[in-house]
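Listing of work.txt, compact mmCIF, C-alpha atoms and all ligand atoms
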# COMPACT_ATOMS: atom_id res chain seq x y z
CA MET K 19 -25.93 -112.43 -44.07
CA GLY K 20 -23.48 -115.14 -42.95
CA LYS K 21 -24.34 -118.02 -40.66
CA ASN K 22 -23.38 -117.34 -37.06
CA LYS K 23 -24.89 -120.34 -35.25
CA GLY K 24 -27.09 -118.36 -32.92
CA LEU K 25 -24.37 -115.96 -31.89
CA ARG K 26 -26.07 -112.85 -30.58
CA HIS K 27 -23.50 -111.11 -28.41
CA VAL K 28 -19.78 -110.61 -29.06
CA ALA K 29 -17.61 -108.88 -26.46
CA ILE K 30 -14.18 -107.61 -27.45
CA ILE K 31 -11.02 -106.77 -25.53
CA MET K 32 -9.46 -104.31 -27.98
CA ASP K 33 -5.80 -104.86 -27.16
CA GLY K 34 -2.63 -103.90 -29.01
CA ASN K 35 -3.07 -100.24 -29.98
CA GLY K 36 0.22 -99.38 -28.28
CA ARG K 37 2.16 -102.24 -29.93
CA TRP K 38 0.67 -101.37 -33.33
CA ALA K 39 1.93 -97.80 -32.98
CA THR K 40 5.39 -98.50 -31.57
CA SER K 41 6.07 -101.15 -34.23
CA LYS K 42 5.57 -98.39 -36.78
CA GLY K 43 7.55 -95.76 -34.89
CA LEU K 44 4.36 -93.84 -34.07
CA THR K 45 3.12 -92.51 -30.73
CA ARG K 46 0.84 -94.64 -28.54
CA SER K 47 -1.87 -92.00 -28.89
CA THR K 48 -1.78 -92.48 -32.68
CA GLY K 49 -2.37 -96.19 -31.98
CA HIS K 50 -5.42 -95.39 -29.87
CA GLU K 51 -6.73 -93.04 -32.59
CA LYS K 52 -6.33 -95.75 -35.22
CA GLY K 53 -8.00 -98.24 -32.86
CA THR K 54 -10.96 -95.93 -32.39
CA LEU K 55 -11.36 -95.44 -36.14
CA ASN K 56 -11.53 -99.22 -36.53
CA ILE K 57 -14.62 -99.59 -34.37
CA GLN K 58 -17.24 -98.76 -37.03
CA ASN K 59 -15.82 -101.26 -39.57
CA VAL K 60 -15.89 -104.04 -37.04
CA LEU K 61 -19.42 -103.18 -35.91
CA ARG K 62 -20.61 -103.25 -39.50
CA ALA K 63 -18.94 -106.60 -40.16
CA PHE K 64 -20.60 -108.20 -37.13
CA SER K 65 -23.96 -106.56 -37.78
CA ASP K 66 -23.95 -107.79 -41.42
CA ARG K 67 -23.58 -111.30 -40.05
CA GLY K 68 -26.53 -111.14 -37.69
CA VAL K 69 -24.83 -110.19 -34.43
CA LEU K 70 -27.16 -108.06 -32.30
CA PHE K 71 -24.97 -106.98 -29.37
CA VAL K 72 -21.31 -105.90 -29.38
CA THR K 73 -19.55 -104.95 -26.16
CA LEU K 74 -16.21 -103.13 -26.33
CA TYR K 75 -13.75 -102.90 -23.44
CA ALA K 76 -12.63 -99.30 -23.93
CA PHE K 77 -11.29 -98.31 -20.50
CA SER K 78 -10.93 -100.49 -17.42
CA THR K 79 -10.90 -99.41 -13.78
CA GLU K 80 -7.21 -100.49 -13.84
CA ASN K 81 -6.39 -98.22 -16.82
CA TRP K 82 -6.33 -95.23 -14.42
CA ASN K 83 -2.89 -96.56 -13.37
CA ARG K 84 -1.39 -95.76 -16.79
CA PRO K 85 0.76 -92.61 -17.09
CA ARG K 86 -1.26 -89.45 -16.63
CA ASN K 87 -0.76 -88.23 -20.21
CA GLU K 88 -2.03 -91.53 -21.67
CA VAL K 89 -5.13 -91.44 -19.45
CA ASP K 90 -5.79 -87.81 -20.44
CA ASN K 91 -5.29 -88.74 -24.06
CA LEU K 92 -7.78 -91.65 -23.86
CA MET K 93 -10.34 -89.37 -22.20
CA SER K 94 -10.07 -86.65 -24.84
CA LEU K 95 -10.00 -89.22 -27.64
CA THR K 96 -13.23 -90.67 -26.31
CA VAL K 97 -14.92 -87.27 -26.32
CA SER K 98 -13.65 -86.37 -29.80
CA SER K 99 -14.46 -89.77 -31.32
CA ILE K 100 -17.98 -89.59 -29.92
CA SER K 101 -18.49 -86.19 -31.47
CA GLU K 102 -17.08 -87.42 -34.80
CA GLN K 103 -18.85 -90.79 -34.99
CA LEU K 104 -22.10 -90.42 -33.09
CA GLU K 105 -24.26 -89.13 -35.96
CA GLU K 106 -23.18 -91.95 -38.25
CA LEU K 107 -23.66 -94.65 -35.62
CA HIS K 108 -27.09 -93.19 -34.89
CA SER K 109 -28.06 -93.11 -38.58
CA GLU K 110 -27.04 -96.77 -38.88
CA GLY K 111 -29.53 -97.66 -36.15
CA ILE K 112 -27.00 -98.42 -33.43
CA LYS K 113 -28.10 -98.10 -29.84
CA ILE K 114 -25.23 -97.13 -27.52
CA THR K 115 -25.21 -97.99 -23.85
CA HIS K 116 -22.53 -97.56 -21.20
CA LEU K 117 -21.28 -100.26 -18.83
CA GLY K 118 -19.31 -99.00 -15.85
CA GLU K 119 -19.07 -96.27 -13.26
CA LYS K 120 -20.09 -92.88 -14.63
CA SER K 121 -19.90 -90.73 -11.52
CA SER K 122 -16.08 -90.69 -11.25
CA LEU K 123 -15.51 -89.82 -14.92
CA PRO K 124 -14.44 -86.33 -15.98
CA GLU K 125 -17.56 -84.24 -16.54
CA GLU K 126 -17.09 -83.85 -20.32
CA VAL K 127 -16.66 -87.61 -20.78
CA ARG K 128 -19.75 -88.36 -18.70
CA VAL K 129 -21.80 -85.80 -20.63
CA ALA K 130 -20.60 -87.18 -24.00
CA ILE K 131 -21.49 -90.75 -23.00
CA GLU K 132 -24.91 -89.67 -21.76
CA GLU K 133 -25.51 -87.83 -25.02
CA CYS K 134 -24.83 -91.09 -26.91
CA GLU K 135 -27.24 -93.02 -24.72
CA THR K 136 -30.01 -90.45 -25.01
CA LEU K 137 -29.77 -89.88 -28.76
CA THR K 138 -29.64 -93.57 -29.68
CA SER K 139 -31.98 -95.05 -27.08
CA SER K 140 -34.71 -96.05 -29.57
CA ASN K 141 -32.39 -97.62 -32.17
CA LYS K 142 -32.93 -101.27 -32.93
CA LYS K 143 -30.32 -102.58 -35.39
CA LEU K 144 -27.46 -103.34 -33.02
CA VAL K 145 -26.69 -102.60 -29.39
CA LEU K 146 -23.18 -101.28 -28.79
CA ASN K 147 -22.19 -101.47 -25.14
CA ILE K 148 -19.14 -99.42 -24.27
CA ALA K 149 -17.40 -100.65 -21.14
CA PHE K 150 -15.70 -97.49 -19.96
CA ASN K 151 -14.37 -97.15 -16.42
CA TYR K 152 -15.53 -100.74 -16.13
CA GLY K 153 -14.28 -103.45 -13.77
CA GLY K 154 -15.94 -106.85 -13.39
CA ARG K 155 -15.19 -107.24 -9.70
CA LYS K 156 -16.37 -103.71 -8.97
CA GLU K 157 -19.58 -104.46 -10.90
CA ILE K 158 -20.26 -107.50 -8.69
CA VAL K 159 -19.45 -105.59 -5.50
CA THR K 160 -21.85 -102.82 -6.58
CA ALA K 161 -24.59 -105.41 -7.14
CA VAL K 162 -23.98 -107.00 -3.73
CA LYS K 163 -24.07 -103.59 -2.02
CA GLN K 164 -27.41 -102.98 -3.69
CA LEU K 165 -28.75 -106.34 -2.47
CA ILE K 166 -27.64 -105.58 1.08
CA ARG K 167 -29.38 -102.20 0.87
CA GLU K 168 -32.51 -104.08 -0.20
CA HIS K 169 -32.19 -106.33 2.90
CA ILE K 170 -32.06 -109.51 0.81
CA CYS K 171 -32.44 -112.65 2.91
CA PRO K 172 -29.24 -114.77 2.39
CA GLU K 173 -31.21 -118.03 2.05
CA ASP K 174 -33.30 -116.55 -0.78
CA LEU K 175 -30.38 -115.16 -2.80
CA THR K 176 -30.27 -116.45 -6.39
CA GLU K 177 -27.92 -115.99 -9.35
CA GLU K 178 -30.70 -114.02 -11.02
CA ASP K 179 -30.71 -111.56 -8.08
CA ILE K 180 -27.08 -110.76 -8.89
CA SER K 181 -27.43 -110.80 -12.71
CA SER K 182 -30.33 -108.38 -12.54
CA ARG K 183 -28.24 -105.85 -10.61
CA LEU K 184 -25.25 -105.82 -12.97
CA TYR K 185 -24.65 -103.12 -15.60
CA THR K 186 -25.58 -105.78 -18.16
CA LYS K 187 -29.00 -106.55 -16.70
CA GLU K 188 -30.80 -105.86 -19.98
CA ILE K 189 -28.52 -107.78 -22.34
CA PRO K 190 -27.80 -111.48 -22.87
CA ASP K 191 -24.49 -112.95 -21.68
CA PRO K 192 -21.74 -112.81 -24.33
CA ASP K 193 -21.61 -115.86 -26.58
CA MET K 194 -18.03 -115.13 -27.52
CA ILE K 195 -15.24 -113.03 -26.01
CA ILE K 196 -12.58 -111.93 -28.49
CA ARG K 197 -9.21 -110.64 -27.38
CA THR K 198 -6.84 -109.14 -29.92
CA ALA K 199 -3.02 -108.91 -29.66
CA GLY K 200 -2.51 -112.46 -28.45
CA GLU K 201 -2.96 -112.26 -24.68
CA MET K 202 -4.88 -115.06 -22.97
CA ARG K 203 -6.65 -113.37 -20.09
CA LEU K 204 -9.95 -111.74 -19.26
CA SER K 205 -8.48 -108.76 -17.39
CA ASN K 206 -11.54 -108.23 -15.18
CA PHE K 207 -13.89 -108.03 -18.19
CA LEU K 208 -17.43 -109.43 -17.82
CA ILE K 209 -16.19 -112.00 -15.32
CA TRP K 210 -19.70 -112.96 -14.15
CA GLN K 211 -21.32 -112.84 -17.58
CA SER K 212 -18.61 -114.89 -19.36
CA ALA K 213 -19.11 -118.04 -17.29
CA TYR K 214 -20.05 -120.00 -20.43
CA SER K 215 -18.72 -117.73 -23.18
CA GLU K 216 -16.48 -119.12 -25.89
CA TYR K 217 -13.06 -117.49 -25.66
CA TYR K 218 -11.19 -116.49 -28.81
CA SER K 219 -7.74 -114.95 -28.93
CA THR K 220 -6.07 -113.68 -32.08
CA LYS K 221 -2.56 -112.31 -32.54
CA THR K 222 -3.93 -109.53 -34.78
CA LEU K 223 -3.51 -106.13 -33.12
CA TRP K 224 -6.75 -104.17 -32.65
CA PRO K 225 -6.09 -101.48 -35.30
CA ASP K 226 -5.53 -104.27 -37.87
CA PHE K 227 -8.58 -106.33 -36.84
CA GLY K 228 -10.87 -106.15 -39.88
CA GLU K 229 -13.64 -107.93 -41.73
CA SER K 230 -11.56 -111.03 -42.53
CA ASP K 231 -10.73 -111.38 -38.81
CA VAL K 232 -14.44 -111.09 -37.98
CA VAL K 233 -15.17 -113.88 -40.47
CA GLU K 234 -12.37 -116.02 -38.98
CA ALA K 235 -13.66 -115.53 -35.43
CA LEU K 236 -17.22 -116.44 -36.45
CA GLU K 237 -15.95 -119.53 -38.28
CA GLU K 238 -14.07 -120.64 -35.20
CA TYR K 239 -17.18 -120.04 -33.08
CA SER K 240 -19.27 -122.15 -35.44
CA LYS K 241 -16.91 -125.11 -34.81
CA ARG K 242 -17.31 -124.97 -31.05
CA THR K 243 -19.83 -127.15 -29.25
CA ARG K 244 -21.36 -125.24 -26.38
CA LYS K 245 -22.30 -127.59 -23.57
CA PHE K 246 -23.05 -125.25 -20.65
CA GLY K 247 -21.73 -127.92 -18.27
CA GLU K 248 -23.86 -130.70 -19.78
CA LEU K 249 -22.68 -133.78 -21.68
C1 LIG K 301 -5.52 -101.49 -25.62
O1 LIG K 301 -4.33 -101.15 -26.24
C2 LIG K 301 -6.51 -100.46 -25.79
C3 LIG K 301 -6.96 -99.64 -24.80
C4 LIG K 301 -6.50 -99.70 -23.40
C5 LIG K 301 -7.93 -98.60 -25.06
C6 LIG K 301 -8.94 -98.89 -26.10
C7 LIG K 301 -9.58 -97.60 -26.39
C8 LIG K 301 -9.97 -97.16 -27.58
C9 LIG K 301 -9.85 -97.98 -28.82
C10 LIG K 301 -10.48 -95.75 -27.70
C11 LIG K 301 -11.73 -95.39 -26.97
C12 LIG K 301 -12.89 -96.19 -27.38
C13 LIG K 301 -14.18 -95.80 -27.38
C14 LIG K 301 -15.22 -96.82 -27.64
C15 LIG K 301 -14.64 -94.44 -27.17
P1 LIG K 301 -3.02 -101.05 -25.37
O2 LIG K 301 -2.71 -99.62 -25.13
O3 LIG K 301 -3.17 -101.84 -24.12
O4 LIG K 301 -1.99 -101.71 -26.33
P2 LIG K 301 -0.62 -102.41 -25.92
O5 LIG K 301 -0.99 -103.58 -25.03
O6 LIG K 301 -0.08 -102.84 -27.24
O7 LIG K 301 0.21 -101.38 -25.23
Same coordinates, now as structure tokens:
Amino acid sequence: MGKNKGLRHVAIIMDGNGRWATSKGLTRSTGHEKGTLNIQNVLRAFSDRGVLFVTLYAFSTENWNRPRNEVDNLMSLTVSSISEQLEELHSEGIKITHLGEKSSLPEEVRVAIEECETLTSSNKKLVLNIAFNYGGRKEIVTAVKQLIREHICPEDLTEEDISSRLYTKEIPDPDMIIRTAGEMRLSNFLIWQSAYSEYYSTKTLWPDFGESDVVEALEEYSKRTRKFGEL
């Protein structure tokens, strides 16, 4: 069990599946398949080092704007990877939860995600949050709509009122956000929750992100001094 300096929650923007595939002359969907197969290794590597929560950005509200065949492919890959990996994740004690809007998902995707949540709800080893059809701004708007429905008095409104109405209400804020494939942006991911997260970007493409990259990210995290706005 490696030292992780109190790091409980890692959130990951799994970028670069497409670039990984095209650099090898493969189809983008092969890149997404390879990226999906990588998830369990990375979860294991973080879990072995004491991380308790991992959040993966699997499909954003903006990803609907990709070409129709890529969207269809990501949807069917999600269903097939759940059916292939769920038993093993469950037997490893992983609890799966969904962050995002379920109601507008294709029925079979929604059912598959709900099956994951139901089967694994009592597991305790690691919480895997899958952000799927997730958008940070939409999440905040949904929370505000809820507060308005509850007739919240503007003068009484607190940050906690908003936090407790987000998809992430039951989990701590991410300590570290990792983005693979070299980009330096959050892309509407956990924009409220990442106010004080440490940001880490690596050029490694998601399908190549393995145990040594996990170790490198944790080492970098251990060098950071988190000040939360204080001196
Ligand atoms: C980014 O690569 C990756 C995605 C948009 C999708 C990630 C989805 C998965 C790994 C599969 C589904 C996951 C779960 C948990 C069921 P990109 O296509 O943006 O790569 P590029 O920037 O190189 O084109």
With a distance cut-off of 10 Å and only C-alpha atoms, select the neighbouring residues of Asp226 in chain K, excluding the residue or stretch itself and same-chain residues fewer than 6 positions from it, and output the selection as a compact mmCIF listing (two decimals) with C-alpha atoms, keeping the file's coordinate frame.
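Result file follows (around.txt):
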# COMPACT_ATOMS: atom_id res chain seq x y z
CA GLY K 34 -2.63 -103.90 -29.01
CA ASN K 35 -3.07 -100.24 -29.98
CA TRP K 38 0.67 -101.37 -33.33
CA LYS K 52 -6.33 -95.75 -35.22
CA GLY K 53 -8.00 -98.24 -32.86
CA ASN K 56 -11.53 -99.22 -36.53
CA THR K 198 -6.84 -109.14 -29.92
CA ALA K 199 -3.02 -108.91 -29.66
Problem set entry | Exercise answer, 6 Å around ligand LIG 301 (chain K) with only C-alpha atoms and all ligand atoms, as JSON, numbers by chain | {"K": [32, 33, 34, 35, 36, 37, 50, 53, 54, 76, 77, 96, 148]}
Problem set entry | Of the listed residues K:Gln58, K:Gln211, K:Thr48, K:Thr138, that which approaches Arg155 in chain K most closely, counting all atoms listed in the file | K:Gln211
Problem set entry | Interatomic distance (Å, one decimal) between CA of Glu238 in chain K and CA of Ser212 in chain K |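 Calculated distance between CA of Glu238 in chain K and CA of Ser212 in chain K is 17.5 Å.
Taking only C-alpha atoms into account, Ile189 in chain K lies nearest to K:Leu117 out of the set K:Val89, K:Val97, K:Leu117, K:Ala161.
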Exercise. Counting only C-alpha atoms, which residues come within 12 Å of (-4.4, -115.8, -29.7), with the point read in the file's coordinates, and could you list them as a ChimeraX atom specification?
Worked result: /K:31,33,195-203,217-223,231,235
Problem set entry | Protein/DNA/RNA residues near (-15.1, -94.2, -12.3), cut 8 Å, all atoms listed in the file, as a list in words |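 All residues meeting the 8 Å criterion around (-15.1, -94.2, -12.3) are Thr79, Gly118, Glu119, Lys120, Ser121, Ser122, Leu123, Asn151 and Tyr152 of chain K.
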For this session: Could you check how far CA of Ile112 in chain K sits from CA of Thr186 in chain K, in Å to one decimal?
Result: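 Straight-line distance from CA of Ile112 in chain K to CA of Thr186 in chain K works out to 17.0 Å.
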Would you fill the gaps in range 197-214 of chain K so it has N, CA, C and O atoms, then print it as a PDB file, keeping the file's coordinate frame?
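What ended up in rebuild-v8.pdb:
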ATOM      1  N   ARG K 197     -10.294-111.515 -27.833  1.00  0.00           N
ATOM      2  CA  ARG K 197      -9.210-110.640 -27.380  1.00  0.00           C
ATOM      3  C   ARG K 197      -8.187-110.550 -28.498  1.00  0.00           C
ATOM      4  O   ARG K 197      -7.703-111.563 -28.986  1.00  0.00           O
ATOM      5  N   THR K 198      -7.853-109.334 -28.882  1.00  0.00           N
ATOM      6  CA  THR K 198      -6.840-109.140 -29.920  1.00  0.00           C
ATOM      7  C   THR K 198      -5.456-109.041 -29.259  1.00  0.00           C
ATOM      8  O   THR K 198      -5.333-108.939 -28.041  1.00  0.00           O
ATOM      9  N   ALA K 199      -4.426-109.095 -30.068  1.00  0.00           N
ATOM     10  CA  ALA K 199      -3.020-108.910 -29.660  1.00  0.00           C
ATOM     11  C   ALA K 199      -2.454-110.065 -28.841  1.00  0.00           C
ATOM     12  O   ALA K 199      -1.439-109.893 -28.163  1.00  0.00           O
ATOM     13  N   GLY K 200      -3.131-111.218 -28.899  1.00  0.00           N
ATOM     14  CA  GLY K 200      -2.510-112.460 -28.450  1.00  0.00           C
ATOM     15  C   GLY K 200      -2.530-112.815 -26.976  1.00  0.00           C
ATOM     16  O   GLY K 200      -2.139-113.916 -26.619  1.00  0.00           O
ATOM     17  N   GLU K 201      -2.972-111.900 -26.105  1.00  0.00           N
ATOM     18  CA  GLU K 201      -2.960-112.260 -24.680  1.00  0.00           C
ATOM     19  C   GLU K 201      -4.087-113.254 -24.401  1.00  0.00           C
ATOM     20  O   GLU K 201      -5.085-113.318 -25.114  1.00  0.00           O
ATOM     21  N   MET K 202      -3.913-114.012 -23.307  1.00  0.00           N
ATOM     22  CA  MET K 202      -4.880-115.060 -22.970  1.00  0.00           C
ATOM     23  C   MET K 202      -5.486-114.808 -21.596  1.00  0.00           C
ATOM     24  O   MET K 202      -5.393-115.649 -20.715  1.00  0.00           O
ATOM     25  N   ARG K 203      -5.994-113.612 -21.382  1.00  0.00           N
ATOM     26  CA  ARG K 203      -6.650-113.370 -20.090  1.00  0.00           C
ATOM     27  C   ARG K 203      -7.847-112.461 -20.256  1.00  0.00           C
ATOM     28  O   ARG K 203      -7.971-111.742 -21.245  1.00  0.00           O
ATOM     29  N   LEU K 204      -8.705-112.519 -19.220  1.00  0.00           N
ATOM     30  CA  LEU K 204      -9.950-111.740 -19.260  1.00  0.00           C
ATOM     31  C   LEU K 204      -9.781-110.318 -18.738  1.00  0.00           C
ATOM     32  O   LEU K 204     -10.597-109.447 -19.040  1.00  0.00           O
ATOM     33  N   SER K 205      -8.762-110.101 -17.907  1.00  0.00           N
ATOM     34  CA  SER K 205      -8.480-108.760 -17.390  1.00  0.00           C
ATOM     35  C   SER K 205      -9.707-108.073 -16.791  1.00  0.00           C
ATOM     36  O   SER K 205      -9.992-106.916 -17.086  1.00  0.00           O
ATOM     37  N   ASN K 206     -10.430-108.826 -15.938  1.00  0.00           N
ATOM     38  CA  ASN K 206     -11.540-108.230 -15.180  1.00  0.00           C
ATOM     39  C   ASN K 206     -12.709-107.781 -16.069  1.00  0.00           C
ATOM     40  O   ASN K 206     -13.473-106.896 -15.697  1.00  0.00           O
ATOM     41  N   PHE K 207     -12.834-108.405 -17.229  1.00  0.00           N
ATOM     42  CA  PHE K 207     -13.890-108.030 -18.190  1.00  0.00           C
ATOM     43  C   PHE K 207     -15.038-109.040 -18.118  1.00  0.00           C
ATOM     44  O   PHE K 207     -14.830-110.238 -18.322  1.00  0.00           O
ATOM     45  N   LEU K 208     -16.218-108.597 -17.811  1.00  0.00           N
ATOM     46  CA  LEU K 208     -17.430-109.430 -17.820  1.00  0.00           C
ATOM     47  C   LEU K 208     -17.210-110.774 -17.129  1.00  0.00           C
ATOM     48  O   LEU K 208     -17.597-111.820 -17.651  1.00  0.00           O
ATOM     49  N   ILE K 209     -16.598-110.737 -15.932  1.00  0.00           N
ATOM     50  CA  ILE K 209     -16.190-112.000 -15.320  1.00  0.00           C
ATOM     51  C   ILE K 209     -17.397-112.844 -14.859  1.00  0.00           C
ATOM     52  O   ILE K 209     -17.309-114.065 -14.855  1.00  0.00           O
ATOM     53  N   TRP K 210     -18.485-112.213 -14.509  1.00  0.00           N
ATOM     54  CA  TRP K 210     -19.700-112.960 -14.150  1.00  0.00           C
ATOM     55  C   TRP K 210     -20.385-113.461 -15.417  1.00  0.00           C
ATOM     56  O   TRP K 210     -20.760-114.634 -15.539  1.00  0.00           O
ATOM     57  N   GLN K 211     -20.524-112.572 -16.381  1.00  0.00           N
ATOM     58  CA  GLN K 211     -21.320-112.840 -17.580  1.00  0.00           C
ATOM     59  C   GLN K 211     -20.647-113.846 -18.518  1.00  0.00           C
ATOM     60  O   GLN K 211     -21.305-114.435 -19.374  1.00  0.00           O
ATOM     61  N   SER K 212     -19.325-114.031 -18.399  1.00  0.00           N
ATOM     62  CA  SER K 212     -18.610-114.890 -19.360  1.00  0.00           C
ATOM     63  C   SER K 212     -18.468-116.321 -18.879  1.00  0.00           C
ATOM     64  O   SER K 212     -17.685-117.083 -19.455  1.00  0.00           O
ATOM     65  N   ALA K 213     -19.245-116.693 -17.867  1.00  0.00           N
ATOM     66  CA  ALA K 213     -19.110-118.040 -17.290  1.00  0.00           C
ATOM     67  C   ALA K 213     -19.117-119.132 -18.357  1.00  0.00           C
ATOM     68  O   ALA K 213     -18.377-120.105 -18.257  1.00  0.00           O
ATOM     69  N   TYR K 214     -19.964-118.982 -19.373  1.00  0.00           N
ATOM     70  CA  TYR K 214     -20.050-120.000 -20.430  1.00  0.00           C
ATOM     71  C   TYR K 214     -19.738-119.445 -21.816  1.00  0.00           C
ATOM     72  O   TYR K 214     -20.097-120.048 -22.820  1.00  0.00           O
TER      73      TYR K 214
END
